[in-house]
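Trainee: Dropping in entry-v3.csv, which is CSV, C-alpha atoms and all ligand atoms:
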chain,number,residue,atom,x,y,z
A,1,MET,CA,-92.9,124.4,-29.8
A,2,ILE,CA,-93.2,120.7,-30.2
A,3,ARG,CA,-91.3,118.8,-27.5
A,4,VAL,CA,-89.7,115.5,-28.4
A,5,GLY,CA,-88.7,113.2,-25.5
A,6,VAL,CA,-85.5,111.2,-25.7
A,7,PRO,CA,-85.0,108.5,-23.0
A,8,ARG,CA,-81.4,108.6,-21.7
A,9,ALA,CA,-80.8,104.9,-22.3
A,10,LEU,CA,-79.8,102.3,-24.9
A,11,LEU,CA,-78.9,104.0,-28.2
A,12,TYR,CA,-78.9,107.4,-26.6
A,13,TYR,CA,-75.2,107.0,-25.9
A,14,GLN,CA,-74.5,106.4,-29.6
A,15,TYR,CA,-76.7,108.8,-31.4
A,16,TYR,CA,-78.0,111.5,-29.1
A,17,PRO,CA,-76.2,114.5,-30.8
A,18,MET,CA,-77.4,113.4,-34.2
A,19,TRP,CA,-81.0,113.1,-33.0
A,20,LYS,CA,-80.9,116.4,-31.1
A,21,THR,CA,-79.6,118.3,-34.2
A,22,PHE,CA,-82.2,116.8,-36.4
A,23,PHE,CA,-85.2,117.7,-34.3
A,24,GLU,CA,-83.9,121.2,-33.4
A,25,SER,CA,-83.2,121.9,-37.0
A,26,LEU,CA,-86.9,121.3,-37.6
A,27,GLY,CA,-87.9,123.7,-34.8
A,28,ALA,CA,-88.6,121.1,-32.1
A,29,GLU,CA,-87.4,121.1,-28.5
A,30,VAL,CA,-85.7,118.0,-27.3
A,31,VAL,CA,-86.3,116.8,-23.7
A,32,VAL,CA,-83.9,114.2,-22.3
A,33,SER,CA,-84.7,112.2,-19.2
A,34,PRO,CA,-82.4,112.6,-16.2
A,35,THR,CA,-79.7,110.1,-15.3
A,36,THR,CA,-80.9,106.7,-14.1
A,37,THR,CA,-82.1,106.3,-10.5
A,38,GLN,CA,-83.3,103.3,-8.6
A,39,ALA,CA,-86.9,104.7,-8.8
A,40,MET,CA,-86.7,104.7,-12.6
A,41,VAL,CA,-85.4,101.1,-12.7
A,42,SER,CA,-88.2,100.0,-10.3
A,43,SER,CA,-90.9,101.8,-12.3
A,44,GLY,CA,-89.6,100.3,-15.6
A,45,ALA,CA,-89.3,96.8,-14.1
A,46,SER,CA,-92.8,97.0,-12.7
A,47,ARG,CA,-94.3,97.2,-16.2
A,48,VAL,CA,-92.6,94.1,-17.7
A,49,VAL,CA,-92.0,90.5,-16.9
A,50,ALA,CA,-89.0,89.8,-14.7
A,51,GLU,CA,-87.0,88.1,-17.6
A,52,THR,CA,-86.8,91.3,-19.6
A,53,CYS,CA,-83.2,92.5,-19.8
A,54,LEU,CA,-82.1,95.2,-17.3
A,55,PRO,CA,-81.2,97.9,-20.0
A,56,ALA,CA,-84.7,97.5,-21.4
A,57,LYS,CA,-86.3,98.0,-18.0
A,58,VAL,CA,-84.1,101.0,-17.5
A,59,PHE,CA,-85.3,102.3,-20.9
A,60,LEU,CA,-88.9,101.9,-19.9
A,61,GLY,CA,-88.2,103.8,-16.6
A,62,HIS,CA,-86.8,106.7,-18.6
A,63,THR,CA,-89.7,106.6,-20.9
A,64,LEU,CA,-92.1,106.7,-18.0
A,65,THR,CA,-90.3,109.7,-16.6
A,66,LEU,CA,-90.7,111.6,-19.8
A,67,ALA,CA,-94.3,110.5,-20.5
A,68,ASP,CA,-95.9,113.7,-19.2
A,69,LYS,CA,-93.1,116.0,-20.3
A,70,CYS,CA,-93.2,115.8,-24.1
A,71,ASP,CA,-95.6,115.8,-27.1
A,72,PHE,CA,-93.8,112.9,-28.8
A,73,MET,CA,-91.6,110.1,-27.6
A,74,PHE,CA,-88.7,109.3,-29.9
A,75,ILE,CA,-88.0,105.6,-30.1
A,76,PRO,CA,-86.5,104.6,-33.4
A,77,VAL,CA,-86.4,101.0,-34.6
A,78,VAL,CA,-82.7,100.6,-35.4
A,79,ARG,CA,-82.6,97.3,-37.2
A,80,SER,CA,-79.3,97.6,-39.0
A,81,VAL,CA,-76.7,100.3,-39.5
A,82,ARG,CA,-74.4,98.1,-41.5
A,83,LYS,CA,-74.9,95.6,-44.3
A,84,LYS,CA,-75.9,92.2,-43.0
A,85,THR,CA,-75.2,93.2,-39.3
A,86,TYR,CA,-78.2,93.5,-37.1
A,87,ASN,CA,-79.1,95.0,-33.7
A,88,CYS,CA,-80.4,92.9,-30.9
A,89,SER,CA,-84.1,92.2,-31.3
A,90,LYS,CA,-85.0,94.3,-28.2
A,91,PHE,CA,-84.2,97.4,-30.3
A,92,LEU,CA,-86.6,96.3,-32.9
A,93,GLY,CA,-89.5,95.8,-30.5
A,94,LEU,CA,-88.9,98.9,-28.3
A,95,PRO,CA,-91.8,101.1,-29.7
A,96,ASP,CA,-94.3,98.2,-29.5
A,97,MET,CA,-93.1,97.3,-26.0
A,98,CYS,CA,-93.5,100.9,-24.8
A,99,ARG,CA,-96.9,101.3,-26.4
A,100,ALA,CA,-98.1,98.1,-24.8
A,101,VAL,CA,-96.8,98.7,-21.2
A,102,ILE,CA,-96.8,102.6,-21.1
A,103,PRO,CA,-100.3,103.6,-22.3
A,104,GLU,CA,-99.7,107.1,-20.9
A,105,SER,CA,-96.9,107.6,-23.3
A,106,PRO,CA,-97.5,110.4,-25.9
A,107,PRO,CA,-97.4,109.3,-29.6
A,108,ILE,CA,-94.2,107.5,-30.5
A,109,LEU,CA,-92.0,108.6,-33.4
A,110,GLU,CA,-90.6,105.3,-34.6
A,111,PRO,CA,-88.6,105.6,-37.9
A,112,GLU,CA,-87.2,102.3,-39.0
A,113,ILE,CA,-83.5,102.4,-39.8
A,114,ASP,CA,-82.4,99.4,-41.9
A,115,VAL,CA,-79.5,100.0,-44.3
A,116,ASN,CA,-80.1,96.5,-45.8
A,117,ARG,CA,-83.3,97.8,-47.4
A,118,GLY,CA,-81.4,100.3,-49.5
A,119,GLN,CA,-80.9,104.0,-49.5
A,120,ARG,CA,-84.4,104.8,-50.8
A,121,ASP,CA,-86.1,103.2,-47.8
A,122,LEU,CA,-83.7,105.0,-45.4
A,123,TYR,CA,-84.4,108.4,-47.0
A,124,LEU,CA,-88.1,107.7,-46.9
A,125,ALA,CA,-88.0,106.8,-43.2
A,126,ILE,CA,-86.2,110.1,-42.5
A,127,TYR,CA,-88.5,112.1,-44.6
A,128,ARG,CA,-91.6,110.6,-43.0
A,129,LEU,CA,-90.2,111.5,-39.6
A,130,GLY,CA,-89.4,115.0,-40.7
A,131,ARG,CA,-92.9,115.5,-42.1
A,132,ARG,CA,-94.2,115.5,-38.5
A,133,PHE,CA,-92.6,118.9,-38.2
A,134,THR,CA,-92.6,120.4,-41.7
A,135,TRP,CA,-94.0,119.7,-45.1
A,136,ASN,CA,-91.0,121.2,-46.8
A,137,PRO,CA,-88.8,118.2,-48.0
A,138,ARG,CA,-85.8,120.5,-48.5
A,139,LYS,CA,-85.9,121.4,-44.8
A,140,VAL,CA,-86.0,117.8,-43.9
A,141,LYS,CA,-83.0,117.1,-46.1
A,142,GLN,CA,-81.1,120.0,-44.5
A,143,ALA,CA,-81.9,118.8,-41.0
A,144,ALA,CA,-80.8,115.3,-41.9
A,145,GLN,CA,-77.5,116.6,-43.3
A,146,ALA,CA,-76.9,118.7,-40.3
A,147,ALA,CA,-77.7,115.7,-38.1
A,148,TRP,CA,-75.2,113.5,-39.9
A,149,GLN,CA,-72.5,116.2,-39.6
A,150,SER,CA,-73.3,116.4,-35.9
A,151,HIS,CA,-72.8,112.6,-35.6
A,152,LEU,CA,-69.4,112.8,-37.3
A,153,ASP,CA,-68.4,115.7,-35.0
A,154,TYR,CA,-69.4,113.6,-32.1
A,155,LEU,CA,-67.2,110.7,-33.1
A,156,ASN,CA,-64.3,113.0,-33.9
A,157,LEU,CA,-64.6,114.8,-30.6
A,158,MET,CA,-64.5,111.5,-28.6
A,159,SER,CA,-61.5,110.5,-30.6
A,160,SER,CA,-59.5,113.7,-30.6
A,161,ASP,CA,-60.2,114.9,-27.1
A,162,LYS,CA,-60.3,111.5,-25.5
A,163,LEU,CA,-63.8,111.8,-24.2
A,164,THR,CA,-66.4,109.3,-23.1
A,165,PRO,CA,-69.8,109.4,-24.8
A,166,PRO,CA,-71.4,111.3,-21.9
A,167,GLN,CA,-68.6,113.8,-21.8
A,168,ALA,CA,-68.7,114.3,-25.5
A,169,ILE,CA,-72.4,114.7,-25.5
A,170,GLU,CA,-72.2,117.3,-22.8
A,171,ARG,CA,-69.5,119.2,-24.6
A,172,LEU,CA,-71.2,119.1,-28.0
A,173,THR,CA,-74.8,119.7,-27.0
A,174,GLY,CA,-74.4,121.7,-23.9
A,175,THR,CA,-76.8,119.3,-22.3
A,176,SER,CA,-76.4,119.7,-18.6
A,177,GLN,CA,-75.5,116.3,-17.3
A,178,PRO,CA,-74.3,115.4,-13.8
A,179,SER,CA,-70.7,114.4,-14.0
A,180,LEU,CA,-70.2,110.8,-14.7
A,181,PHE,CA,-69.0,109.8,-11.3
A,182,GLY,CA,-69.3,113.1,-9.7
A,183,ASP,CA,-70.1,114.7,-6.5
A,184,ARG,CA,-72.8,112.4,-5.3
A,185,LEU,CA,-70.2,109.7,-4.8
A,186,GLU,CA,-68.3,109.2,-1.6
A,187,ILE,CA,-65.9,106.5,-2.6
A,188,PRO,CA,-62.9,106.0,-0.5
A,189,LEU,CA,-59.6,106.7,-2.1
A,190,ASN,CA,-58.7,103.0,-2.2
A,191,PRO,CA,-61.9,101.0,-2.0
A,192,PHE,CA,-60.2,97.7,-2.4
A,193,ARG,CA,-58.3,95.8,0.1
A,194,VAL,CA,-55.5,95.1,-2.4
A,195,ASN,CA,-52.3,94.5,-0.6
A,196,LEU,CA,-50.1,97.3,-1.8
A,197,GLN,CA,-47.3,96.9,0.6
A,198,ASP,CA,-44.9,96.1,-2.2
A,199,GLU,CA,-46.3,98.8,-4.4
A,200,PRO,CA,-45.6,102.5,-4.2
A,201,PRO,CA,-48.3,104.4,-2.2
A,202,PHE,CA,-51.2,106.0,-3.9
A,203,THR,CA,-50.6,109.6,-4.8
A,204,LYS,CA,-53.1,112.0,-6.1
A,205,GLY,CA,-51.6,111.7,-9.6
A,206,ASP,CA,-52.5,108.0,-9.6
A,207,ILE,CA,-56.2,108.8,-9.6
A,208,PRO,CA,-57.2,110.1,-13.0
A,209,HIS,CA,-59.0,113.4,-12.9
A,210,SER,CA,-61.9,111.9,-14.9
A,211,PRO,CA,-63.2,108.5,-13.9
A,212,VAL,CA,-62.9,107.4,-17.4
A,213,SER,CA,-60.2,109.7,-18.6
A,214,HIS,CA,-58.7,106.7,-20.3
A,215,SER,CA,-61.4,107.0,-22.9
A,216,LEU,CA,-60.6,106.6,-26.5
A,217,GLU,CA,-57.0,107.4,-25.9
A,218,LYS,CA,-56.1,104.5,-28.1
A,219,ARG,CA,-58.8,104.9,-30.6
A,220,ASN,CA,-56.1,105.8,-33.1
A,221,GLY,CA,-54.9,102.2,-32.8
A,222,GLN,CA,-51.5,103.0,-31.6
A,223,LYS,CA,-51.6,101.1,-28.4
A,224,LYS,CA,-48.6,99.1,-27.5
A,225,ASN,CA,-48.2,96.8,-24.5
A,226,SER,CA,-45.5,99.1,-23.0
A,227,GLU,CA,-48.0,101.9,-23.1
A,228,MET,CA,-50.6,100.0,-21.3
A,229,SER,CA,-49.0,99.7,-17.9
A,230,GLY,CA,-47.3,103.1,-17.4
A,231,THR,CA,-47.5,104.2,-13.8
A,232,HIS,CA,-50.6,102.2,-13.1
A,233,LYS,CA,-50.7,99.2,-10.9
A,234,ALA,CA,-52.6,97.1,-13.4
A,235,THR,CA,-54.3,97.5,-16.8
A,236,ILE,CA,-57.8,96.1,-16.9
A,237,ALA,CA,-60.1,96.0,-19.8
A,238,VAL,CA,-63.8,96.5,-19.0
A,239,ILE,CA,-66.0,95.2,-21.9
A,240,GLY,CA,-69.7,95.5,-22.5
A,241,HIS,CA,-72.3,97.7,-24.1
A,242,SER,CA,-72.0,101.5,-23.8
A,243,TYR,CA,-75.4,101.7,-22.1
A,244,ILE,CA,-74.1,99.5,-19.4
A,245,LEU,CA,-70.6,100.9,-19.0
A,246,TYR,CA,-71.6,104.5,-18.9
A,247,ASP,CA,-74.8,104.3,-17.0
A,248,GLU,CA,-73.4,104.7,-13.6
A,249,HIS,CA,-76.4,103.3,-11.9
A,250,ILE,CA,-76.4,100.1,-13.9
A,251,SER,CA,-72.6,99.7,-13.8
A,252,HIS,CA,-72.2,100.7,-10.1
A,253,ARG,CA,-69.4,102.9,-11.2
A,254,ILE,CA,-67.0,100.0,-11.8
A,255,ILE,CA,-64.7,101.9,-14.0
A,256,HIS,CA,-64.3,104.6,-11.5
A,257,ARG,CA,-63.7,102.2,-8.7
A,258,LEU,CA,-61.0,100.4,-10.7
A,259,GLU,CA,-59.3,103.7,-11.5
A,260,GLN,CA,-59.4,104.8,-7.9
A,261,ALA,CA,-57.7,101.5,-7.0
A,262,GLY,CA,-54.9,102.5,-9.3
A,263,ALA,CA,-55.8,100.5,-12.4
A,264,LYS,CA,-55.7,101.8,-15.9
A,265,VAL,CA,-59.0,100.9,-17.5
A,266,LEU,CA,-59.5,100.2,-21.2
A,267,THR,CA,-62.9,99.9,-22.8
A,268,PRO,CA,-64.3,99.0,-26.3
A,269,ASP,CA,-64.6,102.7,-27.2
A,270,MET,CA,-60.8,102.9,-27.4
A,271,LEU,CA,-60.6,100.6,-30.3
A,272,MET,CA,-61.2,101.3,-33.9
A,273,ARG,CA,-64.1,99.6,-35.5
A,274,GLN,CA,-61.8,97.7,-37.9
A,275,GLU,CA,-59.9,96.3,-34.9
A,276,LEU,CA,-63.2,95.2,-33.2
A,277,GLU,CA,-64.5,93.7,-36.4
A,278,ALA,CA,-61.2,91.8,-37.2
A,279,ALA,CA,-61.3,90.3,-33.7
A,280,VAL,CA,-64.9,89.1,-34.1
A,281,ILE,CA,-64.2,87.6,-37.5
A,282,LYS,CA,-61.2,85.8,-36.2
A,283,ILE,CA,-63.3,83.9,-33.7
A,284,THR,CA,-66.8,83.6,-35.2
A,285,GLY,CA,-66.1,84.0,-38.9
A,286,ARG,CA,-68.4,87.0,-39.4
A,287,VAL,CA,-70.1,89.8,-37.5
A,288,TYR,CA,-73.8,89.2,-37.2
A,289,TRP,CA,-74.8,91.4,-34.2
A,290,THR,CA,-73.8,95.0,-34.0
A,291,GLN,CA,-73.3,94.6,-30.2
A,292,GLU,CA,-71.0,91.6,-30.8
A,293,GLU,CA,-68.1,94.0,-31.4
A,294,GLU,CA,-68.4,95.6,-27.9
A,295,VAL,CA,-68.1,92.2,-26.3
A,296,VAL,CA,-66.4,89.6,-28.5
A,297,GLY,CA,-64.4,92.1,-30.5
A,298,ALA,CA,-63.1,94.0,-27.5
A,299,GLY,CA,-62.7,90.9,-25.4
A,300,VAL,CA,-60.7,89.0,-27.9
A,301,HIS,CA,-58.7,92.0,-28.9
A,302,TYR,CA,-57.7,92.8,-25.3
A,303,LEU,CA,-57.0,89.1,-24.6
A,304,GLU,CA,-54.3,89.3,-27.2
A,305,SER,CA,-53.0,92.7,-26.0
A,306,ALA,CA,-51.4,91.6,-22.8
A,307,VAL,CA,-53.7,93.5,-20.5
A,308,ASP,CA,-53.5,92.3,-16.9
A,309,GLY,CA,-57.1,91.3,-16.6
A,310,ILE,CA,-60.5,91.6,-18.3
A,311,ILE,CA,-63.9,92.2,-16.7
A,312,GLY,CA,-67.0,91.6,-18.7
A,313,LEU,CA,-70.1,93.5,-17.7
A,314,THR,CA,-73.4,91.9,-18.7
A,315,THR,CA,-76.9,92.3,-17.4
A,316,PHE,CA,-79.6,89.9,-16.3
A,317,GLY,CA,-81.9,88.8,-19.1
A,318,CYS,CA,-79.5,89.5,-22.0
A,319,GLY,CA,-79.7,86.6,-24.4
A,320,PRO,CA,-77.0,87.8,-26.8
A,321,ASP,CA,-74.5,88.5,-24.0
A,322,SER,CA,-74.9,85.1,-22.5
A,323,LEU,CA,-73.5,83.7,-25.8
A,324,MET,CA,-71.0,86.5,-26.5
A,325,MET,CA,-69.5,86.6,-23.0
A,326,ASP,CA,-69.1,82.9,-23.2
A,327,VAL,CA,-67.1,83.2,-26.4
A,328,VAL,CA,-64.7,85.5,-24.6
A,329,ARG,CA,-64.6,83.3,-21.6
A,330,ARG,CA,-63.7,80.2,-23.7
A,331,GLN,CA,-61.1,82.2,-25.6
A,332,ALA,CA,-59.6,83.3,-22.3
A,333,THR,CA,-59.5,79.7,-21.1
A,334,LYS,CA,-57.9,78.7,-24.3
A,335,LEU,CA,-55.2,81.3,-24.3
A,336,LYS,CA,-54.6,81.1,-20.5
A,337,ASN,CA,-52.7,84.4,-20.5
A,338,VAL,CA,-55.2,86.9,-19.1
A,339,PRO,CA,-57.6,86.4,-16.2
A,340,PHE,CA,-61.2,87.0,-17.1
A,341,MET,CA,-64.1,87.7,-14.8
A,342,SER,CA,-67.7,88.2,-15.9
A,343,LEU,CA,-70.1,90.1,-13.8
A,344,THR,CA,-73.9,89.9,-14.3
A,345,LEU,CA,-75.7,92.9,-13.0
A,346,ASP,CA,-79.4,93.2,-12.3
A,347,GLU,CA,-81.7,95.7,-10.5
A,348,HIS,CA,-81.0,94.0,-7.2
A,349,THR,CA,-77.2,93.8,-7.4
A,350,ALA,CA,-75.8,94.9,-4.1
A,351,GLU,CA,-72.8,97.1,-4.3
A,352,GLY,CA,-71.1,95.3,-1.4
A,353,GLY,CA,-71.1,92.0,-3.2
A,354,LEU,CA,-69.8,93.6,-6.3
A,355,ILE,CA,-67.0,95.3,-4.5
A,356,THR,CA,-66.0,92.0,-2.9
A,357,ARG,CA,-65.6,90.4,-6.3
A,358,LEU,CA,-63.6,93.3,-7.6
A,359,GLU,CA,-61.4,93.2,-4.5
A,360,ALA,CA,-60.8,89.5,-5.1
A,361,PHE,CA,-60.0,90.0,-8.8
A,362,LEU,CA,-57.6,92.8,-8.0
A,363,ASP,CA,-56.0,90.7,-5.3
A,364,MET,CA,-55.5,87.9,-7.7
A,365,LEU,CA,-53.9,90.2,-10.3
A,366,GLN,CA,-51.6,91.6,-7.7
A,367,ARG,CA,-50.5,88.2,-6.6
A,368,LYS,CA,-50.0,87.1,-10.3
A,369,LYS,CA,-47.9,90.2,-11.0
A,370,ARG,CA,-45.8,89.7,-7.8
A,371,GLY,CA,-45.3,86.1,-8.6
A,372,LYS,CA,-44.0,87.0,-12.1
A,373,SER,CA,-41.6,89.6,-10.7
A,374,GLU,CA,-40.3,87.1,-8.1
A,375,VAL,CA,-39.6,84.5,-10.8
A,376,CYS,CA,-37.8,87.2,-12.8
A,377,ALA,CA,-35.8,88.3,-9.8
A,378,SER,CA,-34.6,84.8,-9.0
A,379,ALA,CA,-33.8,83.9,-12.6
A,401,LIG,S1,-78.1,93.2,-26.2
A,401,LIG,FE1,-78.8,92.4,-24.3
A,401,LIG,S2,-78.8,94.1,-22.9
A,401,LIG,FE2,-78.8,94.9,-24.9
A,401,LIG,S3,-80.9,95.3,-25.4
A,401,LIG,FE3,-80.4,93.3,-26.2
A,401,LIG,S4,-81.0,91.8,-24.6
A,401,LIG,FE4,-80.9,93.9,-23.7
As a first step, turn the structure in this file into structure tokens.
Ligand code: SF4
Mentor:
Amino acid sequence: MIRVGVPRALLYYQYYPMWKTFFESLGAEVVVSPTTTQAMVSSGASRVVAETCLPAKVFLGHTLTLADKCDFMFIPVVRSVRKKTYNCSKFLGLPDMCRAVIPESPPILEPEIDVNRGQRDLYLAIYRLGRRFTWNPRKVKQAAQAAWQSHLDYLNLMSSDKLTPPQAIERLTGTSQPSLFGDRLEIPLNPFRVNLQDEPPFTKGDIPHSPVSHSLEKRNGQKKNSEMSGTHKATIAVIGHSYILYDEHISHRIIHRLEQAGAKVLTPDMLMRQELEAAVIKITGRVYWTQEEEVVGAGVHYLESAVDGIIGLTTFGCGPDSLMMDVVRRQATKLKNVPFMSLTLDEHTAEGGLITRLEAFLDMLQRKKRGKSEVCASA
């Protein structure tokens, strides 16, 4: 059986169920790399110049891990999945980059996905990919249809069952995946030094069962400010790309840490595409980058949703994010209603420093809330 390697990085979080269904329908076996480790990051980083963005280094690390475990490496060139909206250029150059710096990689399957070139080109790209496994065009068509259905099921599952991408992938595909922020963690119940003397003590119920159990709970667009606070001590939006937020090695489990400190965490996944798009258009006039919605769209939307604070996660070496996070920062400065903090992560980011910044941010939110309630009480 032909084995196809899929690196657990970048677009994996958006499309893995679809890819898996396609290849398995054509009789191939799909091999996924394990969750990110420091060794993977270091091996990926060792092959490229330091300025390369961290997620790309992580991707290379995953590709290296798979190099001797599969017959083909699947690295699609996803140029555009919506009219006149484009992916970051890194996605376009990934196969070339991997070929250049990982000569031990098996042959790369690199279909080019660009809806701007029309349906015929898209179908041809899929057919050429399928021909590696079968000469029967009907089988390729059936595999593509099953794959598309799988993608829709994936989106629906996340929406209806309030799952994160890794949780939905595990449920749908049965792919064994270590729990997002599972047993290998030993995080204290309250890792922050937030002064909670005026707050009710933490109870078990304050800590969500899942580290990102918040996920998608508002995808149906019914969120209201009153719903946002609930029993939580603060509502914090964490914005950034899914391959940063849900890769617990890159993100240092920030979502989990915030939830353990009693915060309710909102992410871009919870918003409908129309909401994200509308927020981007309001600020920049049009959506040019696909990734813009996860940063500008989510950031601007949450700024206007009266959350208590917003944390932007970006990674070292990301050109688009340096612009997009700045748009959110400037909007936050203009509106002056929601504190915004941007964190830049790289392969050397020390957990201690990160926790200190989170502590300070939460301290500040607590003081702000307390100040407000004191004003209300004396009024
Ligand atoms: S958007 Fe930024 S982090 Fe993502 S692949 Fe492009 S450069 Fe890297």
Trainee: Within 7 Å of ligand LIG 401 (chain A) (counting all atoms listed in the file), which residues show up? I'd like them as a PyMOL selection string.
Mentor: chain A and resi 53-56+88-91+291+315+317-321
Trainee: Using only C-alpha atoms, pick whichever of A:Pro268, A:Pro106, A:Pro95, A:Gly118 has the shortest atom-to-atom distance to Val81 in chain A.
Mentor: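 Closest to Val81 in chain A, using only C-alpha atoms: A:Gly118.
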Trainee: Go through A:Glu304, A:Glu294, A:Glu104, A:Glu51 and flag the residue nearest Lys336 in chain A, using only C-alpha atoms for the distances.
Mentor: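 Looking at the shortest contact to Lys336 in chain A, the residue is A:Glu304.
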Trainee: Taking only C-alpha atoms into account, name the residue in A:Asp308, A:Tyr13, A:Ala360, A:Gly5 that is nearest to Gln167 in chain A.
Mentor: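 Of A:Asp308, A:Tyr13, A:Ala360, A:Gly5, the one nearest Gln167 in chain A, counting only C-alpha atoms, is A:Tyr13.
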Trainee: Report as JSON, numbers by chain all protein, DNA and RNA residues lying within 6 Å of Ser33 in chain A, evaluated on all atoms listed in the file, omitting residues in the same chain fewer than 5 positions from it.
Mentor: {"A": [7, 8, 62]}
Trainee: By how many Å are CA of Glu110 in chain A and CA of Leu129 in chain A apart?
Mentor: 8.0 Å
Trainee: Between A:Ser105, A:Thr52, A:Ser42, A:Ser80, which is the closest to Asp68 in chain A once you count all atoms listed in the file?
Mentor: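 Looking only at the distances to Asp68 in chain A, the closest residue turns out to be A:Ser105.
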Trainee: Counting all atoms listed in the file, figure out which residue out of A:Leu303, A:Ile2, A:Ala298, A:Ile169 gets nearest to Glu24 in chain A.
Mentor: A:Ile2
Trainee: Could you tell me which of A:Tyr246, A:Phe72, A:Phe340, A:Trp289 comes closest to Glu29 in chain A if we count only C-alpha atoms?
Mentor: A:Phe72
Trainee: Suppose you want the space between CA of Ala261 in chain A and CA of His241 in chain A; what is it in Å?
Mentor: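 So the two atoms, CA of Ala261 in chain A and CA of His241 in chain A, lie 22.8 Å apart.
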Trainee: Rounded to one decimal place, report the CA of Arg128 in chain A-CA of Gln14 in chain A distance in Å.
Mentor: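 Computing it gives 22.1 Å between the two atoms.
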Trainee: Around (-85.3, 107.9, -22.0) in the file's own coordinates, what residues are found within 12 Å if you use only C-alpha atoms, given back as an MDAnalysis selection string?
Mentor: chainID A and resid 4:13 16 30:36 40:41 44 55:67 69:70 72:76 94 98 105 243
Trainee: Given the selection you just returned, output its residues as a file containing C-alpha atoms, formatted as a PDB file, in the frame of the given file.
Mentor:
ATOM      1  CA  VAL A   4     -89.700 115.500 -28.400  1.00  0.00           C
ATOM      2  CA  GLY A   5     -88.700 113.200 -25.500  1.00  0.00           C
ATOM      3  CA  VAL A   6     -85.500 111.200 -25.700  1.00  0.00           C
ATOM      4  CA  PRO A   7     -85.000 108.500 -23.000  1.00  0.00           C
ATOM      5  CA  ARG A   8     -81.400 108.600 -21.700  1.00  0.00           C
ATOM      6  CA  ALA A   9     -80.800 104.900 -22.300  1.00  0.00           C
ATOM      7  CA  LEU A  10     -79.800 102.300 -24.900  1.00  0.00           C
ATOM      8  CA  LEU A  11     -78.900 104.000 -28.200  1.00  0.00           C
ATOM      9  CA  TYR A  12     -78.900 107.400 -26.600  1.00  0.00           C
ATOM     10  CA  TYR A  13     -75.200 107.000 -25.900  1.00  0.00           C
ATOM     11  CA  TYR A  16     -78.000 111.500 -29.100  1.00  0.00           C
ATOM     12  CA  VAL A  30     -85.700 118.000 -27.300  1.00  0.00           C
ATOM     13  CA  VAL A  31     -86.300 116.800 -23.700  1.00  0.00           C
ATOM     14  CA  VAL A  32     -83.900 114.200 -22.300  1.00  0.00           C
ATOM     15  CA  SER A  33     -84.700 112.200 -19.200  1.00  0.00           C
ATOM     16  CA  PRO A  34     -82.400 112.600 -16.200  1.00  0.00           C
ATOM     17  CA  THR A  35     -79.700 110.100 -15.300  1.00  0.00           C
ATOM     18  CA  THR A  36     -80.900 106.700 -14.100  1.00  0.00           C
ATOM     19  CA  MET A  40     -86.700 104.700 -12.600  1.00  0.00           C
ATOM     20  CA  VAL A  41     -85.400 101.100 -12.700  1.00  0.00           C
ATOM     21  CA  GLY A  44     -89.600 100.300 -15.600  1.00  0.00           C
ATOM     22  CA  PRO A  55     -81.200  97.900 -20.000  1.00  0.00           C
ATOM     23  CA  ALA A  56     -84.700  97.500 -21.400  1.00  0.00           C
ATOM     24  CA  LYS A  57     -86.300  98.000 -18.000  1.00  0.00           C
ATOM     25  CA  VAL A  58     -84.100 101.000 -17.500  1.00  0.00           C
ATOM     26  CA  PHE A  59     -85.300 102.300 -20.900  1.00  0.00           C
ATOM     27  CA  LEU A  60     -88.900 101.900 -19.900  1.00  0.00           C
ATOM     28  CA  GLY A  61     -88.200 103.800 -16.600  1.00  0.00           C
ATOM     29  CA  HIS A  62     -86.800 106.700 -18.600  1.00  0.00           C
ATOM     30  CA  THR A  63     -89.700 106.600 -20.900  1.00  0.00           C
ATOM     31  CA  LEU A  64     -92.100 106.700 -18.000  1.00  0.00           C
ATOM     32  CA  THR A  65     -90.300 109.700 -16.600  1.00  0.00           C
ATOM     33  CA  LEU A  66     -90.700 111.600 -19.800  1.00  0.00           C
ATOM     34  CA  ALA A  67     -94.300 110.500 -20.500  1.00  0.00           C
ATOM     35  CA  LYS A  69     -93.100 116.000 -20.300  1.00  0.00           C
ATOM     36  CA  CYS A  70     -93.200 115.800 -24.100  1.00  0.00           C
ATOM     37  CA  PHE A  72     -93.800 112.900 -28.800  1.00  0.00           C
ATOM     38  CA  MET A  73     -91.600 110.100 -27.600  1.00  0.00           C
ATOM     39  CA  PHE A  74     -88.700 109.300 -29.900  1.00  0.00           C
ATOM     40  CA  ILE A  75     -88.000 105.600 -30.100  1.00  0.00           C
ATOM     41  CA  PRO A  76     -86.500 104.600 -33.400  1.00  0.00           C
ATOM     42  CA  LEU A  94     -88.900  98.900 -28.300  1.00  0.00           C
ATOM     43  CA  CYS A  98     -93.500 100.900 -24.800  1.00  0.00           C
ATOM     44  CA  SER A 105     -96.900 107.600 -23.300  1.00  0.00           C
ATOM     45  CA  TYR A 243     -75.400 101.700 -22.100  1.00  0.00           C
TER      46      TYR A 243
END
Trainee: Using only C-alpha atoms, determine which residues lie at most 10 Å from Lys141 in chain A, disregarding the query and same-chain residues fewer than 2 positions distant; provide the list as a PyMOL selection string.
Mentor: chain A and resi 22+123+126-127+130+136-139+143-147
